[in-house]
file run02.tsv (TSV, C-alpha atoms)
chain	number	residue	atom	x	y	z
G	299	MET	CA	3.60	-2.58	-22.52
G	300	LEU	CA	4.85	-4.41	-19.43
G	301	SER	CA	1.41	-4.31	-17.82
G	302	LYS	CA	-0.15	-5.91	-20.93
G	303	VAL	CA	2.41	-8.72	-20.77
G	304	ILE	CA	1.74	-9.25	-17.06
G	305	LEU	CA	-2.02	-9.23	-17.51
G	306	SER	CA	-1.92	-11.61	-20.46
G	307	SER	CA	0.35	-13.97	-18.50
G	308	ILE	CA	-2.05	-13.92	-15.55
G	309	ALA	CA	-5.04	-14.54	-17.83
G	310	SER	CA	-3.24	-17.49	-19.46
G	311	LEU	CA	-2.37	-18.90	-16.06
G	312	GLY	CA	-5.99	-18.57	-14.91
G	313	LEU	CA	-7.23	-20.34	-18.02
G	314	ALA	CA	-4.69	-23.13	-17.54
G	315	PHE	CA	-5.81	-23.61	-13.92
G	316	SER	CA	-9.43	-23.64	-15.00
G	317	VAL	CA	-8.82	-26.35	-17.58
G	318	ALA	CA	-6.62	-28.31	-15.19
G	319	SER	CA	-9.24	-28.17	-12.45
G	320	ASP	CA	-11.50	-30.23	-14.71
G	321	LYS	CA	-9.15	-33.14	-14.12
G	322	VAL	CA	-8.82	-32.64	-10.35
G	323	VAL	CA	-10.34	-35.30	-8.13
G	324	ALA	CA	-10.93	-35.38	-4.39
G	325	GLN	CA	-10.82	-38.30	-1.99
G	326	MET	CA	-14.16	-38.84	-0.34
G	327	ASN	CA	-13.50	-41.94	1.81
G	328	HIS	CA	-15.68	-40.73	4.66
G	329	GLN	CA	-18.80	-40.92	2.44
G	330	MET	CA	-18.17	-44.38	1.00
G	331	PRO	CA	-19.60	-47.51	2.60
G	332	ALA	CA	-17.19	-49.44	4.83
G	333	THR	CA	-16.87	-52.32	2.34
G	334	GLU	CA	-15.90	-49.97	-0.51
G	335	GLN	CA	-13.58	-48.01	1.75
G	336	SER	CA	-11.53	-51.06	2.60
G	337	GLN	CA	-11.37	-52.19	-1.04
G	338	THR	CA	-10.21	-49.00	-2.70
G	339	THR	CA	-8.18	-45.91	-2.03
G	340	GLN	CA	-9.09	-44.31	-5.34
G	341	PHE	CA	-10.09	-40.70	-5.69
G	342	ARG	CA	-13.59	-39.84	-6.74
G	343	ARG	CA	-14.28	-37.04	-9.23
G	344	ILE	CA	-16.29	-34.00	-8.10
G	345	GLU	CA	-17.88	-32.35	-11.11
G	346	GLN	CA	-18.32	-28.58	-11.10
G	347	PRO	CA	-20.47	-26.69	-13.60
G	348	PHE	CA	-18.53	-24.71	-16.17
G	349	TRP	CA	-20.08	-21.39	-15.04
G	350	VAL	CA	-18.72	-21.94	-11.49
G	351	LYS	CA	-15.22	-22.46	-12.87
G	352	GLY	CA	-15.56	-19.34	-15.01
G	353	ALA	CA	-16.88	-17.25	-12.10
G	354	VAL	CA	-14.06	-18.33	-9.78
G	355	THR	CA	-11.44	-17.68	-12.46
G	356	THR	CA	-12.90	-14.27	-13.29
G	357	ALA	CA	-13.07	-13.25	-9.62
G	358	GLY	CA	-9.48	-14.40	-9.05
G	359	LEU	CA	-8.19	-12.52	-12.08
G	360	GLY	CA	-10.08	-9.42	-10.96
G	361	LEU	CA	-8.47	-9.55	-7.52
G	362	ILE	CA	-5.02	-10.11	-9.01
G	363	GLY	CA	-5.56	-7.13	-11.34
G	364	LEU	CA	-6.64	-4.97	-8.40
G	365	GLU	CA	-3.50	-5.90	-6.46
G	366	ILE	CA	-1.25	-5.15	-9.42
G	367	TRP	CA	-2.92	-1.76	-9.89
G	368	TRP	CA	-2.76	-0.95	-6.17
G	369	PHE	CA	0.90	-1.83	-5.67
G	370	LEU	CA	2.47	-1.13	-9.07
G	371	LEU	CA	0.35	1.16	-11.20
G	372	SER	CA	-1.38	3.63	-8.86
G	373	LYS	CA	0.38	6.97	-8.63
G	374	PRO	CA	1.04	8.43	-5.18
G	375	LYS	CA	-0.15	11.97	-4.55
G	376	SER	CA	2.75	14.33	-3.96
G	377	GLN	CA	3.02	17.75	-2.40
G	378	LYS	CA	5.89	20.14	-1.79
G	379	ALA	CA	6.46	21.27	1.78
G	380	GLU	CA	5.98	24.99	2.36
G	381	ALA	CA	8.65	27.00	4.17
G	382	HIS	CA	7.56	29.00	7.23
G	383	ASP	CA	10.21	30.72	9.39
G	384	GLY	CA	12.99	28.53	7.97
G	385	ILE	CA	11.12	25.27	8.55
G	386	GLN	CA	9.61	23.23	5.72
G	387	GLU	CA	6.20	22.19	6.99
G	388	ILE	CA	3.48	19.92	5.64
G	389	ASP	CA	0.27	18.45	7.03
G	390	ILE	CA	-0.35	14.72	6.47
G	391	THR	CA	-3.72	13.07	7.08
G	392	VAL	CA	-3.55	9.46	8.26
G	393	ASP	CA	-6.77	7.82	7.11
G	394	GLY	CA	-6.43	4.43	5.41
G	395	GLY	CA	-2.93	5.52	4.36
G	396	TYR	CA	-1.06	8.81	4.16
G	397	GLU	CA	-2.35	11.85	2.28
G	398	PRO	CA	-0.14	13.09	0.68
G	399	SER	CA	2.02	9.99	0.45
G	400	ARG	CA	4.88	11.68	-1.43
G	401	ILE	CA	6.50	14.78	0.05
G	402	LEU	CA	9.07	17.02	-1.64
G	403	VAL	CA	11.54	18.88	0.61
G	404	ASN	CA	14.93	20.58	0.30
G	405	ALA	CA	18.16	19.20	1.75
G	406	GLY	CA	19.85	20.99	4.63
G	407	GLN	CA	16.67	22.68	5.88
G	408	ARG	CA	14.58	21.65	8.89
G	409	VAL	CA	11.42	19.65	8.07
G	410	ARG	CA	8.26	19.40	10.19
G	411	LEU	CA	5.70	16.73	9.34
G	412	ASN	CA	2.32	17.22	11.05
G	413	PHE	CA	0.44	13.91	11.18
G	414	LEU	CA	-3.29	13.92	11.94
G	415	ARG	CA	-4.54	10.38	12.51
G	416	ARG	CA	-8.23	9.89	11.73
G	417	ASP	CA	-8.13	6.11	11.15
G	418	PRO	CA	-8.72	4.09	14.34
G	419	SER	CA	-6.99	0.94	13.03
G	420	SER	CA	-4.13	-0.33	15.15
G	421	CYS	CA	-1.80	-0.54	12.15
G	422	LEU	CA	-1.65	3.25	11.85
G	423	GLU	CA	-1.04	3.91	15.57
G	424	GLU	CA	2.67	4.45	14.96
G	425	ILE	CA	4.75	6.29	12.37
G	426	ARG	CA	8.33	5.30	11.59
G	427	LEU	CA	11.04	7.12	9.65
G	428	PRO	CA	13.79	4.46	9.69
G	429	ASP	CA	16.37	6.53	7.80
G	430	PHE	CA	16.17	9.23	10.49
G	431	HIS	CA	15.81	6.77	13.43
G	432	ILE	CA	12.39	8.16	14.39
G	433	ALA	CA	9.39	6.21	15.69
G	434	LYS	CA	6.43	7.97	17.26
G	435	ASP	CA	2.90	7.06	18.37
G	436	LEU	CA	0.03	8.84	16.62
G	437	PRO	CA	-2.91	9.48	18.97
G	438	LEU	CA	-6.33	9.40	17.32
G	439	ASN	CA	-7.70	12.81	16.17
G	440	GLN	CA	-4.61	14.70	17.35
G	441	VAL	CA	-1.82	16.40	15.42
G	442	THR	CA	1.60	14.89	16.07
G	443	SER	CA	4.62	16.80	14.76
G	444	ILE	CA	7.91	15.19	13.79
G	445	GLU	CA	10.96	17.32	13.02
G	446	PHE	CA	14.24	16.36	11.39
G	447	THR	CA	16.84	17.80	9.03
G	448	PRO	CA	17.72	15.82	5.90
G	449	ASP	CA	21.42	16.35	5.17
G	450	LYS	CA	21.60	14.99	1.65
G	451	ALA	CA	19.37	14.49	-1.37
G	452	GLY	CA	17.63	11.16	-1.83
G	453	THR	CA	14.43	9.26	-1.33
G	454	TYR	CA	13.48	8.28	2.22
G	455	THR	CA	10.48	6.25	3.33
G	456	PHE	CA	8.10	6.50	6.24
G	457	ASN	CA	5.68	3.74	7.20
G	458	CYS	CA	3.19	2.53	9.77
G	459	GLY	CA	4.18	0.27	12.65
G	460	MET	CA	3.34	-2.86	10.65
G	461	ASN	CA	4.99	-1.61	7.43
G	462	MET	CA	1.73	-2.00	5.50
G	463	PHE	CA	1.21	1.68	4.66
G	464	ARG	CA	4.10	3.71	3.27
G	465	GLY	CA	5.00	7.17	2.15
G	466	VAL	CA	8.05	8.76	0.56
G	467	ILE	CA	10.02	11.88	1.40
G	468	GLU	CA	11.90	13.06	-1.67
G	469	VAL	CA	14.77	15.31	-0.63
G	470	GLN	CA	16.06	17.58	-3.37
G	471	SER	CA	19.59	18.94	-3.31
G	472	SER	CA	20.16	22.62	-2.60
G	473	ASP	CA	21.18	23.07	-6.28
G	474	SER	CA	17.67	22.17	-7.44
G	475	THR	CA	16.05	24.54	-4.93
G	476	ALA	CA	17.27	27.53	-6.89
G	477	LYS	CA	15.55	26.14	-9.99
G	478	ALA	CA	12.28	25.38	-8.17
G	479	THR	CA	9.50	27.92	-8.36
G	480	PRO	CA	9.15	29.84	-5.11
G	481	VAL	CA	5.91	29.67	-3.16
G	482	THR	CA	4.35	33.10	-2.99
G	483	THR	CA	2.54	34.37	0.05
G	484	SER	CA	-0.62	34.89	-1.98
G	485	GLN	CA	-1.00	31.14	-2.43
G	486	ALA	CA	-3.46	29.61	-0.01
G	487	THR	CA	-2.01	27.38	2.67
G	488	HIS	CA	-3.97	24.73	4.46
G	489	HIS	CA	-3.58	23.45	7.96
G	490	ILE	CA	-5.37	20.41	9.30
G	491	GLN	CA	-7.72	21.15	12.14
G	492	PRO	CA	-8.18	18.29	14.63
call {"tool": "encode", "arguments": {"input": "run02.tsv", "output": "structure tokens"}}
result
Amino acid sequence: MLSKVILSSIASLGLAFSVASDKVVAQMNHQMPATEQSQTTQFRRIEQPFWVKGAVTTAGLGLIGLEIWWFLLSKPKSQKAEAHDGIQEIDITVDGGYEPSRILVNAGQRVRLNFLRRDPSSCLEEIRLPDFHIAKDLPLNQVTSIEFTPDKAGTYTFNCGMNMFRGVIEVQSSDSTAKATPVTTSQATHHIQP
């Protein structure tokens, strides 16, 4: 419902700008003869074909829709950390973002996040967990482990050095761990190979 309201508002705004651009004029003094230039400081109209206005409006609305989907409507992929020898461990691939970008762990138990950076962009060279006061460089094509113990339930973020790519660590209280389904040893585990 909210997304329909937002999209209709954006479409109305785009249409209004398209109609208003018909009345926009630009000053072109540098192309006028010197006698005309000294006589007038009027703006001269630049006519654009209607199809150009429609194409620009459509492209702009498409880009706005893509941004809204990317930042508000896309669902992050989540995964529960698996416990091995008392440590909750999960592998995270860093390639144009974080995969998985939402991690579920239990409070009061040690957590190990294994980051494998495959993306050479400088933005993803560093990982930061501000709530746990951790910042670490991520070498390309190498696994970098970060360990910490979340004391209380809540939602904590991790992000790249430029704060453009983000992930979430959802810490569940120890009460909810009893209700969670246990991971059996017959389930396949995966580990990232560098």
call {"tool": "residues_near_point", "arguments": {"input": "run02.tsv", "point": "(6.2, 21.9, 4.8)", "cutoff": "9 Å", "atoms": "only C-alpha atoms", "output": "PyMOL selection string"}}
result
chain G and resi 377-382+385-389+401-403+409-412
call {"tool": "atom_distance", "arguments": {"input": "run02.tsv", "atom1": "CA of Ile467 in chain G", "atom2": "CA of Pro428 in chain G"}}
result
11.7 Å
call {"tool": "axis_aligned_box", "arguments": {"input": "run02.tsv", "around": "range 410-429 of chain G", "padding_each_side": "5 Å", "output": "JSON"}}
result
{"center_x": 3.8, "center_y": 9.4, "center_z": 11.7, "size_x": 35.1, "size_y": 29.9, "size_z": 17.8}
call {"tool": "residues_around", "arguments": {"input": "run02.tsv", "residues": "range 311-313 of chain G", "least_positions_apart": "5", "cutoff": "9 Å", "atoms": "all atoms listed in the file", "output": "PyMOL selection string"}}
result
chain G and resi 306+318+352+355-356+358-359
call {"tool": "residues_around", "arguments": {"input": "run02.tsv", "residues": "range 432-437 of chain G", "least_positions_apart": "3", "cutoff": "8 Å", "atoms": "all atoms listed in the file", "output": "JSON, numbers by chain"}}
result
{"G": [413, 414, 415, 422, 423, 424, 425, 426, 427, 428, 429, 440, 441, 442]}
call {"tool": "residues_around", "arguments": {"input": "run02.tsv", "residues": "Arg400 in chain G", "least_positions_apart": "3", "cutoff": "9 Å", "atoms": "only C-alpha atoms", "output": "ChimeraX atom specification"}}
result
/G:374-378,396-397,465-468
call {"tool": "write_last_selection", "arguments": {"input": "run02.tsv", "atoms": "C-alpha atoms", "output": "short mmCIF file (atom, residue, chain, number, x, y, z; two decimals), in the coordinates of the input"}}
result
data_model
loop_
_atom_site.label_atom_id
_atom_site.label_comp_id
_atom_site.auth_asym_id
_atom_site.auth_seq_id
_atom_site.Cartn_x
_atom_site.Cartn_y
_atom_site.Cartn_z
CA PRO G 374 1.04 8.43 -5.18
CA LYS G 375 -0.15 11.97 -4.55
CA SER G 376 2.75 14.33 -3.96
CA GLN G 377 3.02 17.75 -2.40
CA LYS G 378 5.89 20.14 -1.79
CA TYR G 396 -1.06 8.81 4.16
CA GLU G 397 -2.35 11.85 2.28
CA GLY G 465 5.00 7.17 2.15
CA VAL G 466 8.05 8.76 0.56
CA ILE G 467 10.02 11.88 1.40
CA GLU G 468 11.90 13.06 -1.67
#
call {"tool": "atom_distance", "arguments": {"input": "run02.tsv", "atom1": "CA of Gly363 in chain G", "atom2": "CA of Thr453 in chain G"}}
result
27.7 Å
call {"tool": "residues_around", "arguments": {"input": "run02.tsv", "residues": "Gly452 in chain G", "least_positions_apart": "2", "cutoff": "8 Å", "atoms": "all atoms listed in the file", "output": "NGL selection string"}}
result
:G and (450 or 454 or 468-470)
call {"tool": "atom_distance", "arguments": {"input": "run02.tsv", "atom1": "CA of His431 in chain G", "atom2": "CA of Asn457 in chain G"}}
result
12.3 Å
call {"tool": "closest_residue", "arguments": {"input": "run02.tsv", "among": "G:Val354, G:Ala309, G:Glu445, G:Cys458", "to": "Val392 in chain G", "atoms": "all atoms listed in the file"}}
result
G:Cys458
call {"tool": "residues_around", "arguments": {"input": "run02.tsv", "residues": "Phe430 in chain G", "least_positions_apart": "5", "cutoff": "10 Å", "atoms": "only C-alpha atoms", "output": "list in words"}}
result
Glu445, Phe446, Thr447, Pro448, Tyr454, Thr455 and Phe456 of chain G
